[in-house]
Every structure is written in structure tokens, then in C-alpha cells.
Amino acid sequence: MNVLIADSSVGILARLSDIITFKTINAIIYTAKNFETALRLFTESKPSTVLLGMNLPHNQSMELLREIKKTGYNTNIIILSIYMNNAMVEECKQLGATVFLDKFLEFEKIPDHINAIEANMKELIISPL
């Protein structure tokens, strides 16, 4: 399973990478500190999950979400933020985000969400039509 982490903080990228590597089986992790790198890595790796911090430089987190949506690729998007107003949450949902976690208080929940996504994907692949 491929996971893309996009966040402007090197510390957050490192911490998330460590937590996911420790608690998730077979995860290949890609990290990006900016919009351009994140979009390139998304296009190249086609991750099953994107962890998107809402603090990319130049407020480009929403633009990345829009670009991911345009690709039509079925990826699970987890939004990481300290605070989001209702309008932002609704816009993120319309663009495909399904999980919203507090960037500082809910780190430990992230691997569980990724593992659940992976298990659900395997179930979909194995289940007969």
C-alpha cells in the first residue's frame, strides 16, 4: 500500500512516517512539503491513502485536493488540521476527503485509519460481485 503525506512541517512528516511505519504493514510512504512535490508523487505513486495537512505553502492544500479529485483516482484522503471551519470541512468532503483528524491530538489514530482502509480495499478486491 502506498501512502502520501503532504505537510509543510518536516517534523510532522517525520513523526507520521515513523508512526505509520511502526504500526502499518507493508506501507510505502512518500512525503512532500509542498504542492508541486505532492502532486508529482501522487501522480507517480497512485497512493491508496493521502494524509493532507491543511498548511501547505501559499494555501495550496485545497488546490492539491482539487487536483487529486480531477484525476479520478480512487484514493482515501485524511485531512490533518488544528482547526477547520464548517465551510472548509464541507468543501473537503465534496472533494473526496472522508476522515478529519486533529494534527496534534489524534496522531495515534492515523495508523488505525490506514489499516482499516487497507482491510476494506482487500475485502473489496476479494469479494465476489
# chains A, B, ... in the order shown; residues from 1 in each chain; ligands from 1
call {"tool": "residues_around", "arguments": {"residues": "region 49-61 of chain A", "least_positions_apart": "3", "cutoff": "8 Å", "atoms": "only C-alpha atoms", "output": "ChimeraX atom specification"}}
result
/A:2-8,33-35,64-65,75-81,103,114,117
call {"tool": "select_by_dssp", "arguments": {"residues": "chain A", "states": "strand (DSSP E)", "output": "list in words"}}
result
Asn2, Val3, Leu4, Ile5, Ala6, Ile28, Ile29, Tyr30, Thr31, Ala32, Thr49, Val50, Leu51, Leu52, Gly53, Asn76, Ile77, Ile78, Ile79, Leu80, Ser81, Ala97, Thr98, Val99, Phe100, Leu101 and Asp102 of chain A
call {"tool": "closest_residue", "arguments": {"among": "A:Ser9, A:Asn86, A:Thr31, A:Ser48", "to": "His113 (chain A)", "atoms": "only C-alpha atoms"}}
result
A:Ser48
call {"tool": "select_by_dssp", "arguments": {"residues": "region 45-82 of chain A", "states": "helix (DSSP H, G or I)", "output": "PDB file with N, CA, C and O atoms, in the first residue's frame"}}
result
ATOM      1  N   SER A  45       2.900   7.665  -7.760  1.00  0.00           N
ATOM      2  CA  SER A  45       2.727   6.521  -6.843  1.00  0.00           C
ATOM      3  C   SER A  45       1.299   6.017  -6.731  1.00  0.00           C
ATOM      4  O   SER A  45       1.079   4.912  -6.258  1.00  0.00           O
ATOM      5  N   PRO A  57       2.429  25.445   1.790  1.00  0.00           N
ATOM      6  CA  PRO A  57       2.768  26.836   1.449  1.00  0.00           C
ATOM      7  C   PRO A  57       1.783  27.447   0.446  1.00  0.00           C
ATOM      8  O   PRO A  57       1.259  26.748  -0.426  1.00  0.00           O
ATOM      9  N   HIS A  58       1.551  28.724   0.597  1.00  0.00           N
ATOM     10  CA  HIS A  58       0.682  29.503  -0.292  1.00  0.00           C
ATOM     11  C   HIS A  58      -0.759  28.995  -0.281  1.00  0.00           C
ATOM     12  O   HIS A  58      -1.461  29.088  -1.289  1.00  0.00           O
ATOM     13  N   ASN A  59      -1.169  28.404   0.837  1.00  0.00           N
ATOM     14  CA  ASN A  59      -2.543  27.902   0.986  1.00  0.00           C
ATOM     15  C   ASN A  59      -2.939  26.941  -0.132  1.00  0.00           C
ATOM     16  O   ASN A  59      -4.065  26.972  -0.626  1.00  0.00           O
ATOM     17  N   SER A  61      -3.183  23.607  -0.039  1.00  0.00           N
ATOM     18  CA  SER A  61      -3.741  22.319   0.359  1.00  0.00           C
ATOM     19  C   SER A  61      -5.055  22.041  -0.370  1.00  0.00           C
ATOM     20  O   SER A  61      -5.280  20.938  -0.874  1.00  0.00           O
ATOM     21  N   MET A  62      -5.921  23.042  -0.439  1.00  0.00           N
ATOM     22  CA  MET A  62      -7.198  22.860  -1.132  1.00  0.00           C
ATOM     23  C   MET A  62      -6.970  22.653  -2.624  1.00  0.00           C
ATOM     24  O   MET A  62      -7.664  21.851  -3.256  1.00  0.00           O
ATOM     25  N   GLU A  63      -5.990  23.336  -3.181  1.00  0.00           N
ATOM     26  CA  GLU A  63      -5.687  23.151  -4.609  1.00  0.00           C
ATOM     27  C   GLU A  63      -5.204  21.729  -4.871  1.00  0.00           C
ATOM     28  O   GLU A  63      -5.591  21.110  -5.868  1.00  0.00           O
ATOM     29  N   LEU A  64      -4.392  21.182  -3.975  1.00  0.00           N
ATOM     30  CA  LEU A  64      -3.948  19.794  -4.120  1.00  0.00           C
ATOM     31  C   LEU A  64      -5.144  18.860  -4.062  1.00  0.00           C
ATOM     32  O   LEU A  64      -5.253  17.933  -4.868  1.00  0.00           O
ATOM     33  N   LEU A  65      -6.036  19.101  -3.149  1.00  0.00           N
ATOM     34  CA  LEU A  65      -7.247  18.277  -3.036  1.00  0.00           C
ATOM     35  C   LEU A  65      -8.049  18.330  -4.343  1.00  0.00           C
ATOM     36  O   LEU A  65      -8.528  17.306  -4.830  1.00  0.00           O
ATOM     37  N   ARG A  66      -8.175  19.515  -4.928  1.00  0.00           N
ATOM     38  CA  ARG A  66      -8.893  19.658  -6.207  1.00  0.00           C
ATOM     39  C   ARG A  66      -8.195  18.877  -7.323  1.00  0.00           C
ATOM     40  O   ARG A  66      -8.840  18.217  -8.136  1.00  0.00           O
ATOM     41  N   GLU A  67      -6.877  18.955  -7.368  1.00  0.00           N
ATOM     42  CA  GLU A  67      -6.118  18.242  -8.403  1.00  0.00           C
ATOM     43  C   GLU A  67      -6.236  16.728  -8.237  1.00  0.00           C
ATOM     44  O   GLU A  67      -6.341  16.004  -9.230  1.00  0.00           O
ATOM     45  N   ILE A  68      -6.224  16.260  -7.003  1.00  0.00           N
ATOM     46  CA  ILE A  68      -6.400  14.829  -6.751  1.00  0.00           C
ATOM     47  C   ILE A  68      -7.777  14.391  -7.240  1.00  0.00           C
ATOM     48  O   ILE A  68      -7.919  13.366  -7.899  1.00  0.00           O
ATOM     49  N   LYS A  69      -8.782  15.173  -6.940  1.00  0.00           N
ATOM     50  CA  LYS A  69     -10.154  14.871  -7.368  1.00  0.00           C
ATOM     51  C   LYS A  69     -10.245  14.786  -8.895  1.00  0.00           C
ATOM     52  O   LYS A  69     -10.894  13.901  -9.444  1.00  0.00           O
ATOM     53  N   LYS A  70      -9.572  15.720  -9.595  1.00  0.00           N
ATOM     54  CA  LYS A  70      -9.603  15.750 -11.061  1.00  0.00           C
ATOM     55  C   LYS A  70      -9.062  14.470 -11.687  1.00  0.00           C
ATOM     56  O   LYS A  70      -9.476  14.103 -12.778  1.00  0.00           O
ATOM     57  N   THR A  71      -8.115  13.812 -11.028  1.00  0.00           N
ATOM     58  CA  THR A  71      -7.506  12.615 -11.606  1.00  0.00           C
ATOM     59  C   THR A  71      -8.498  11.467 -11.711  1.00  0.00           C
ATOM     60  O   THR A  71      -8.324  10.578 -12.531  1.00  0.00           O
TER      61      THR A  71
END
call {"tool": "closest_residue", "arguments": {"among": "A:Ile29, A:Ile19, A:Met84, A:Leu13", "to": "Pro47 (chain A)", "atoms": "only C-alpha atoms"}}
result
A:Ile29
call {"tool": "atom_distance", "arguments": {"atom1": "CA of Asn115 (chain A)", "atom2": "CA of Ala32 (chain A)"}}
result
21.3 Å
call {"tool": "atom_distance", "arguments": {"atom1": "CA of Pro111 (chain A)", "atom2": "CA of Ile20 (chain A)"}}
result
5.5 Å
call {"tool": "residues_around", "arguments": {"residues": "Leu16 (chain A)", "least_positions_apart": "5", "cutoff": "9 Å", "atoms": "only C-alpha atoms", "output": "MDAnalysis selection string"}}
result
chainID A and resid 5 11 21 107 110
call {"tool": "closest_residue", "arguments": {"among": "A:Tyr30, A:Asp112, A:Glu106, A:Arg40", "to": "Ser17 (chain A)", "atoms": "only C-alpha atoms"}}
result
A:Tyr30
call {"tool": "atom_distance", "arguments": {"atom1": "CA of Tyr83 (chain A)", "atom2": "CA of Ala97 (chain A)"}}
result
15.4 Å
call {"tool": "decode", "arguments": {"residues": "region 77-106 of chain A", "atoms": "N, CA, C and O atoms", "output": "mmCIF file, in the first residue's frame"}}
result
data_model
loop_
_atom_site.group_PDB
_atom_site.id
_atom_site.type_symbol
_atom_site.label_atom_id
_atom_site.label_comp_id
_atom_site.auth_asym_id
_atom_site.auth_seq_id
_atom_site.Cartn_x
_atom_site.Cartn_y
_atom_site.Cartn_z
ATOM 1 N N ILE A 77 -8.643 10.068 1.421
ATOM 2 C CA ILE A 77 -7.981 11.297 1.853
ATOM 3 C C ILE A 77 -8.325 11.584 3.304
ATOM 4 O O ILE A 77 -9.500 11.683 3.669
ATOM 5 N N ILE A 78 -7.280 11.686 4.105
ATOM 6 C CA ILE A 78 -7.410 12.025 5.513
ATOM 7 C C ILE A 78 -6.863 13.441 5.690
ATOM 8 O O ILE A 78 -5.716 13.713 5.354
ATOM 9 N N ILE A 79 -7.700 14.331 6.170
ATOM 10 C CA ILE A 79 -7.309 15.719 6.387
ATOM 11 C C ILE A 79 -6.762 15.863 7.806
ATOM 12 O O ILE A 79 -7.387 15.418 8.770
ATOM 13 N N LEU A 80 -5.597 16.498 7.909
ATOM 14 C CA LEU A 80 -4.963 16.765 9.202
ATOM 15 C C LEU A 80 -4.924 18.268 9.415
ATOM 16 O O LEU A 80 -4.364 19.001 8.600
ATOM 17 N N SER A 81 -5.543 18.708 10.486
ATOM 18 C CA SER A 81 -5.589 20.142 10.735
ATOM 19 C C SER A 81 -5.760 20.403 12.219
ATOM 20 O O SER A 81 -6.234 19.553 12.964
ATOM 21 N N ILE A 82 -5.382 21.595 12.633
ATOM 22 C CA ILE A 82 -5.621 22.011 14.007
ATOM 23 C C ILE A 82 -7.045 22.531 14.129
ATOM 24 O O ILE A 82 -7.739 22.270 15.088
ATOM 25 N N TYR A 83 -7.474 23.258 13.107
ATOM 26 C CA TYR A 83 -8.812 23.832 13.121
ATOM 27 C C TYR A 83 -9.335 23.943 11.692
ATOM 28 O O TYR A 83 -8.603 24.340 10.788
ATOM 29 N N MET A 84 -10.588 23.571 11.519
ATOM 30 C CA MET A 84 -11.249 23.757 10.227
ATOM 31 C C MET A 84 -12.660 24.244 10.487
ATOM 32 O O MET A 84 -13.363 23.674 11.317
ATOM 33 N N ASN A 85 -13.069 25.262 9.765
ATOM 34 C CA ASN A 85 -14.446 25.716 9.919
ATOM 35 C C ASN A 85 -15.380 24.829 9.086
ATOM 36 O O ASN A 85 -14.924 24.027 8.268
ATOM 37 N N ASN A 86 -16.678 24.962 9.311
ATOM 38 C CA ASN A 86 -17.658 24.099 8.642
ATOM 39 C C ASN A 86 -17.592 24.198 7.124
ATOM 40 O O ASN A 86 -17.755 23.199 6.427
ATOM 41 N N ALA A 87 -17.369 25.389 6.599
ATOM 42 C CA ALA A 87 -17.299 25.570 5.149
ATOM 43 C C ALA A 87 -16.121 24.789 4.560
ATOM 44 O O ALA A 87 -16.251 24.148 3.512
ATOM 45 N N MET A 88 -14.968 24.816 5.240
ATOM 46 C CA MET A 88 -13.800 24.069 4.769
ATOM 47 C C MET A 88 -14.053 22.568 4.824
ATOM 48 O O MET A 88 -13.698 21.839 3.904
ATOM 49 N N VAL A 89 -14.667 22.114 5.900
ATOM 50 C CA VAL A 89 -14.973 20.688 6.027
ATOM 51 C C VAL A 89 -15.892 20.246 4.895
ATOM 52 O O VAL A 89 -15.657 19.224 4.245
ATOM 53 N N GLU A 90 -16.933 21.019 4.619
ATOM 54 C CA GLU A 90 -17.860 20.667 3.545
ATOM 55 C C GLU A 90 -17.169 20.648 2.189
ATOM 56 O O GLU A 90 -17.412 19.754 1.376
ATOM 57 N N GLU A 91 -16.322 21.640 1.934
ATOM 58 C CA GLU A 91 -15.604 21.667 0.660
ATOM 59 C C GLU A 91 -14.672 20.470 0.535
ATOM 60 O O GLU A 91 -14.596 19.832 -0.521
ATOM 61 N N CYS A 92 -13.985 20.130 1.615
ATOM 62 C CA CYS A 92 -13.095 18.966 1.597
ATOM 63 C C CYS A 92 -13.881 17.681 1.350
ATOM 64 O O CYS A 92 -13.440 16.809 0.593
ATOM 65 N N LYS A 93 -15.048 17.558 1.960
ATOM 66 C CA LYS A 93 -15.892 16.381 1.734
ATOM 67 C C LYS A 93 -16.305 16.290 0.279
ATOM 68 O O LYS A 93 -16.281 15.210 -0.318
ATOM 69 N N GLN A 94 -16.698 17.410 -0.318
ATOM 70 C CA GLN A 94 -17.093 17.417 -1.733
ATOM 71 C C GLN A 94 -15.937 17.026 -2.641
ATOM 72 O O GLN A 94 -16.148 16.473 -3.719
ATOM 73 N N LEU A 95 -14.724 17.290 -2.204
ATOM 74 C CA LEU A 95 -13.541 16.957 -2.992
ATOM 75 C C LEU A 95 -12.990 15.575 -2.666
ATOM 76 O O LEU A 95 -11.943 15.195 -3.172
ATOM 77 N N GLY A 96 -13.685 14.823 -1.826
ATOM 78 C CA GLY A 96 -13.308 13.434 -1.590
ATOM 79 C C GLY A 96 -12.721 13.086 -0.249
ATOM 80 O O GLY A 96 -12.446 11.913 0.020
ATOM 81 N N ALA A 97 -12.499 14.052 0.627
ATOM 82 C CA ALA A 97 -11.964 13.735 1.958
ATOM 83 C C ALA A 97 -13.033 13.030 2.788
ATOM 84 O O ALA A 97 -14.203 13.388 2.725
ATOM 85 N N THR A 98 -12.622 12.025 3.523
ATOM 86 C CA THR A 98 -13.586 11.263 4.319
ATOM 87 C C THR A 98 -13.278 11.254 5.808
ATOM 88 O O THR A 98 -14.154 10.981 6.613
ATOM 89 N N VAL A 99 -12.024 11.538 6.163
ATOM 90 C CA VAL A 99 -11.622 11.496 7.568
ATOM 91 C C VAL A 99 -10.956 12.827 7.904
ATOM 92 O O VAL A 99 -10.143 13.335 7.131
ATOM 93 N N PHE A 100 -11.301 13.377 9.074
ATOM 94 C CA PHE A 100 -10.733 14.633 9.549
ATOM 95 C C PHE A 100 -10.163 14.393 10.939
ATOM 96 O O PHE A 100 -10.901 13.994 11.840
ATOM 97 N N LEU A 101 -8.857 14.626 11.090
ATOM 98 C CA LEU A 101 -8.201 14.392 12.373
ATOM 99 C C LEU A 101 -7.436 15.633 12.814
ATOM 100 O O LEU A 101 -6.894 16.365 11.985
ATOM 101 N N ASP A 102 -7.386 15.828 14.118
ATOM 102 C CA ASP A 102 -6.599 16.911 14.691
ATOM 103 C C ASP A 102 -5.124 16.550 14.551
ATOM 104 O O ASP A 102 -4.690 15.488 15.005
ATOM 105 N N LYS A 103 -4.385 17.426 13.940
ATOM 106 C CA LYS A 103 -2.982 17.177 13.610
ATOM 107 C C LYS A 103 -2.115 16.877 14.832
ATOM 108 O O LYS A 103 -1.166 16.105 14.760
ATOM 109 N N PHE A 104 -2.455 17.456 15.970
ATOM 110 C CA PHE A 104 -1.616 17.276 17.140
ATOM 111 C C PHE A 104 -2.185 16.303 18.166
ATOM 112 O O PHE A 104 -1.439 15.658 18.876
ATOM 113 N N LEU A 105 -3.489 16.174 18.240
ATOM 114 C CA LEU A 105 -4.091 15.359 19.289
ATOM 115 C C LEU A 105 -4.462 13.940 18.852
ATOM 116 O O LEU A 105 -4.689 13.092 19.697
ATOM 117 N N GLU A 106 -4.528 13.689 17.548
ATOM 118 C CA GLU A 106 -5.025 12.390 17.091
ATOM 119 C C GLU A 106 -4.018 11.614 16.244
ATOM 120 O O GLU A 106 -4.413 10.748 15.460
#
